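Novice: Sending over a structure as structure tokens; questions will come in a sec.
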Amino acid sequence: MAIERTLSIIKPDAVAKNIIGEVLTKFEKNGLRVVAAKMLHLSRKQAEGFYEVHIGKSFYQPLVDFMISGPVLVQVLEGENAVIMNRNIMGATDPKKADPGTIRADFADSIEANVVHGSDSIDNAKQEIAFFFKPEEIYSR
Ligand code: AMP
């Protein structure tokens with residue numbers, strides 16, 4: 001089993017609902033460890049840069065507006081197969097399609113206000129982690 005790192009963002013809807021702890025508990029109970037974390041209020045430029053892969057899609061601008069609507073908690077999660085493990089813990093992007101017990105099934109209101117972001121591949125995880133964290137800001141055992 002490979003120990004991986006992945007980027008997680010607890011989105012503005014979850015921060016506003018005061019459920020940061022409940023979301024982190026889902027990660028921890030499923031074997032992932034928070035090895036870096038910071039609360040940020042993203043600038044429009046940061047959010048546009050982070051989601052540039054979605055430029056041109058219908059949901060791009062609403063997504064950027066939503067991601068800058070309040071603070072977020074950005075974290076690096078570490079653990080066995082962390083990228084896919086995190087995706088499984090989050091559940092499907094659309095909460096109506098998310099499996100019971102997943103973060104989105106339990107806490108998300110809509111496909112936009114869907115509580116969490118998680119990297120979708122090991123390569124993207126590396127890029128997304130580097131977008132927010134310097135190497136020395138990540139705890140190494
Ligand atoms: P992803 O890069 O896959 O995390 O997608 C970014 C975010 O865009 C998702 O977490 C959703 O919040 C939003 N999103 C993705 N697909 C749609 C969609 N079809 N309609 C509205 N929002 C979407």
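Simple scheme: letters A, B, ... for chains in structure tokens order, numbers from 1 for residues in each chain, numbers from 1 for ligands in the order shown.
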If you run DSSP on the backbone, which residues of chain A are helix (DSSP H, G or I), as a PyMOL selection string?
Specialist: chain A and resi 12-16+20-29+44-50+52-54+60-67+82-90+95-97+103-107+122-132+135-137
Novice: For the contact check between chain A and ligand 1, emit one row per residue of chain A within 8 Å, containing the shortest atom pair and the distance in Å rounded to one decimal, counting only C-alpha atoms and all ligand atoms, chain then rising number order, as a Markdown table.
Specialist:
```
| residue | atom | partner | partner_atom_place_in_ligand_line | distance |
| --- | --- | --- | --- | --- |
| A:Tyr51 | CA | ligand 1 | 2 (O) | 6.7 |
| A:Val53 | CA | ligand 1 | 2 (O) | 7.7 |
| A:His54 | CA | ligand 1 | 2 (O) | 7.2 |
| A:Ser58 | CA | ligand 1 | 20 (N) | 7.4 |
| A:Phe59 | CA | ligand 1 | 21 (C) | 4.9 |
| A:Tyr60 | CA | ligand 1 | 8 (O) | 7.0 |
| A:Pro62 | CA | ligand 1 | 22 (N) | 7.9 |
| A:Leu63 | CA | ligand 1 | 8 (O) | 5.8 |
| A:Thr93 | CA | ligand 1 | 10 (O) | 5.6 |
| A:Asp94 | CA | ligand 1 | 11 (C) | 7.6 |
| A:Ile111 | CA | ligand 1 | 22 (N) | 5.3 |
| A:Glu112 | CA | ligand 1 | 12 (O) | 4.0 |
| A:Ala113 | CA | ligand 1 | 12 (O) | 6.2 |
| A:Asn114 | CA | ligand 1 | 12 (O) | 5.7 |
| A:Val116 | CA | ligand 1 | 10 (O) | 6.9 |
| A:His117 | CA | ligand 1 | 4 (O) | 5.2 |
| A:Gly118 | CA | ligand 1 | 4 (O) | 6.2 |
| A:Ser119 | CA | ligand 1 | 4 (O) | 7.1 |
| A:Asp120 | CA | ligand 1 | 3 (O) | 7.2 |
```
Novice: Please report, as a PyMOL selection string, each residue of segment 27-109 of chain A to which DSSP assigns strand (DSSP E) when run on this structure's backbone.
Specialist: chain A and resi 33-40+72-80
Novice: For N, CA, C and O atoms, I'd like the residues from the last selection saved as a compact mmCIF listing (two decimals), in the first residue's frame.
Specialist:
```
# COMPACT_ATOMS: atom_id res chain seq x y z
N ARG A 33 -4.59 11.38 7.90
CA ARG A 33 -3.99 12.23 8.92
C ARG A 33 -3.81 13.63 8.33
O ARG A 33 -3.35 13.76 7.19
N VAL A 34 -4.17 14.66 9.09
CA VAL A 34 -3.93 16.04 8.65
C VAL A 34 -2.46 16.37 8.91
O VAL A 34 -2.02 16.35 10.06
N VAL A 35 -1.70 16.63 7.85
CA VAL A 35 -0.28 16.93 8.02
C VAL A 35 0.03 18.40 7.69
O VAL A 35 1.19 18.83 7.82
N ALA A 36 -0.98 19.16 7.27
CA ALA A 36 -0.85 20.60 7.09
C ALA A 36 -2.27 21.16 7.03
O ALA A 36 -3.17 20.48 6.53
N ALA A 37 -2.45 22.38 7.52
CA ALA A 37 -3.77 23.00 7.44
C ALA A 37 -3.65 24.50 7.62
O ALA A 37 -2.81 24.97 8.39
N LYS A 38 -4.47 25.25 6.86
CA LYS A 38 -4.57 26.68 7.10
C LYS A 38 -5.93 27.19 6.65
O LYS A 38 -6.51 26.66 5.69
N MET A 39 -6.41 28.20 7.38
CA MET A 39 -7.66 28.82 6.98
C MET A 39 -7.31 30.02 6.10
O MET A 39 -6.44 30.83 6.44
N LEU A 40 -8.00 30.11 4.98
CA LEU A 40 -7.74 31.17 4.01
C LEU A 40 -9.07 31.72 3.51
O LEU A 40 -10.05 30.98 3.43
N VAL A 72 -12.14 29.25 3.83
CA VAL A 72 -12.05 27.81 3.61
C VAL A 72 -10.93 27.27 4.50
O VAL A 72 -10.06 28.03 4.92
N LEU A 73 -10.96 25.98 4.76
CA LEU A 73 -9.83 25.33 5.46
C LEU A 73 -9.15 24.41 4.44
O LEU A 73 -9.76 23.44 3.97
N VAL A 74 -7.91 24.76 4.11
CA VAL A 74 -7.14 23.97 3.15
C VAL A 74 -6.24 23.03 3.95
O VAL A 74 -5.57 23.47 4.89
N GLN A 75 -6.25 21.75 3.58
CA GLN A 75 -5.42 20.79 4.30
C GLN A 75 -4.69 19.85 3.36
O GLN A 75 -5.15 19.58 2.25
N VAL A 76 -3.56 19.33 3.85
CA VAL A 76 -2.93 18.18 3.21
C VAL A 76 -3.26 16.97 4.07
O VAL A 76 -3.07 16.99 5.29
N LEU A 77 -3.81 15.94 3.43
CA LEU A 77 -4.13 14.69 4.12
C LEU A 77 -3.13 13.63 3.68
O LEU A 77 -2.78 13.56 2.50
N GLU A 78 -2.71 12.80 4.62
CA GLU A 78 -1.73 11.75 4.31
C GLU A 78 -2.27 10.41 4.78
O GLU A 78 -2.91 10.33 5.83
N GLY A 79 -1.96 9.37 4.02
CA GLY A 79 -2.36 8.02 4.43
C GLY A 79 -2.25 7.05 3.27
O GLY A 79 -1.85 7.43 2.16
N GLU A 80 -2.59 5.78 3.54
CA GLU A 80 -2.55 4.77 2.49
C GLU A 80 -3.56 5.13 1.41
O GLU A 80 -4.74 5.36 1.70
```
Novice: Which is closest to Ser121 of chain A among A:Glu52, A:Tyr139, A:Asn81, A:Ala47, if we use only C-alpha atoms?
Specialist: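 Looking at the shortest contact to Ser121 of chain A, the residue is A:Asn81.
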Novice: Could you tell me which of A:Ile19, A:Met90, A:Ala14, A:Met85 comes closest to Met1 of chain A if we count only C-alpha atoms?
Specialist: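 Once distances to Met1 of chain A are computed over only C-alpha atoms, the minimum belongs to A:Met85.
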Novice: Using only C-alpha atoms, find the one residue out of A:Gly49, A:Glu28, A:Asn18, A:Arg87 that sits nearest to Gln127 of chain A.
Specialist: A:Gly49
Novice: With a distance cut-off of 8 Å and only C-alpha atoms, select the neighbouring residues of Pro71 of chain A, excluding the residue or stretch itself and same-chain residues fewer than 2 positions from it, and output the selection as an mmCIF file with N, CA, C and O atoms, in the first residue's frame.
Specialist:
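This went into part_39.cif:
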```cif
data_model
loop_
_atom_site.group_PDB
_atom_site.id
_atom_site.type_symbol
_atom_site.label_atom_id
_atom_site.label_comp_id
_atom_site.auth_asym_id
_atom_site.auth_seq_id
_atom_site.Cartn_x
_atom_site.Cartn_y
_atom_site.Cartn_z
ATOM 1 N N LYS A 11 -14.983 23.667 2.176
ATOM 2 C CA LYS A 11 -15.485 24.821 1.429
ATOM 3 C C LYS A 11 -16.277 25.795 2.318
ATOM 4 O O LYS A 11 -16.629 25.461 3.456
ATOM 5 N N PRO A 12 -16.578 26.996 1.779
ATOM 6 C CA PRO A 12 -17.233 28.029 2.594
ATOM 7 C C PRO A 12 -18.561 27.590 3.226
ATOM 8 O O PRO A 12 -18.899 28.046 4.325
ATOM 9 N N VAL A 15 -17.642 25.694 6.417
ATOM 10 C CA VAL A 15 -17.093 26.594 7.435
ATOM 11 C C VAL A 15 -18.236 27.401 8.054
ATOM 12 O O VAL A 15 -18.330 27.531 9.279
ATOM 13 N N MET A 39 -6.410 28.196 7.383
ATOM 14 C CA MET A 39 -7.655 28.824 6.975
ATOM 15 C C MET A 39 -7.313 30.024 6.099
ATOM 16 O O MET A 39 -6.445 30.825 6.442
ATOM 17 N N LEU A 40 -8.001 30.108 4.978
ATOM 18 C CA LEU A 40 -7.741 31.173 4.010
ATOM 19 C C LEU A 40 -9.067 31.719 3.515
ATOM 20 O O LEU A 40 -10.054 30.976 3.434
ATOM 21 N N HIS A 41 -9.063 33.007 3.176
ATOM 22 C CA HIS A 41 -10.188 33.539 2.402
ATOM 23 C C HIS A 41 -9.616 33.807 1.014
ATOM 24 O O HIS A 41 -8.868 34.762 0.825
ATOM 25 N N LEU A 42 -9.917 32.930 0.080
ATOM 26 C CA LEU A 42 -9.288 32.993 -1.240
ATOM 27 C C LEU A 42 -9.627 34.291 -1.961
ATOM 28 O O LEU A 42 -10.770 34.772 -1.892
ATOM 29 N N ILE A 68 -15.063 31.999 -3.069
ATOM 30 C CA ILE A 68 -14.550 33.212 -2.422
ATOM 31 C C ILE A 68 -15.608 33.862 -1.524
ATOM 32 O O ILE A 68 -15.407 34.963 -1.016
ATOM 33 N N SER A 69 -16.727 33.161 -1.318
ATOM 34 C CA SER A 69 -17.828 33.753 -0.548
ATOM 35 C C SER A 69 -17.566 33.744 0.956
ATOM 36 O O SER A 69 -18.295 34.372 1.719
ATOM 37 N N LEU A 73 -10.956 25.976 4.764
ATOM 38 C CA LEU A 73 -9.834 25.331 5.456
ATOM 39 C C LEU A 73 -9.147 24.405 4.444
ATOM 40 O O LEU A 73 -9.759 23.441 3.970
#
```
Novice: Compare A:Asp109, A:Asp65, A:Ala125, A:Leu7 by their minimum atom-to-atom distance to Gln46 of chain A, counting only C-alpha atoms, and give me the closest one.
Specialist: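 Looking at the shortest contact to Gln46 of chain A, the residue is A:Asp65.
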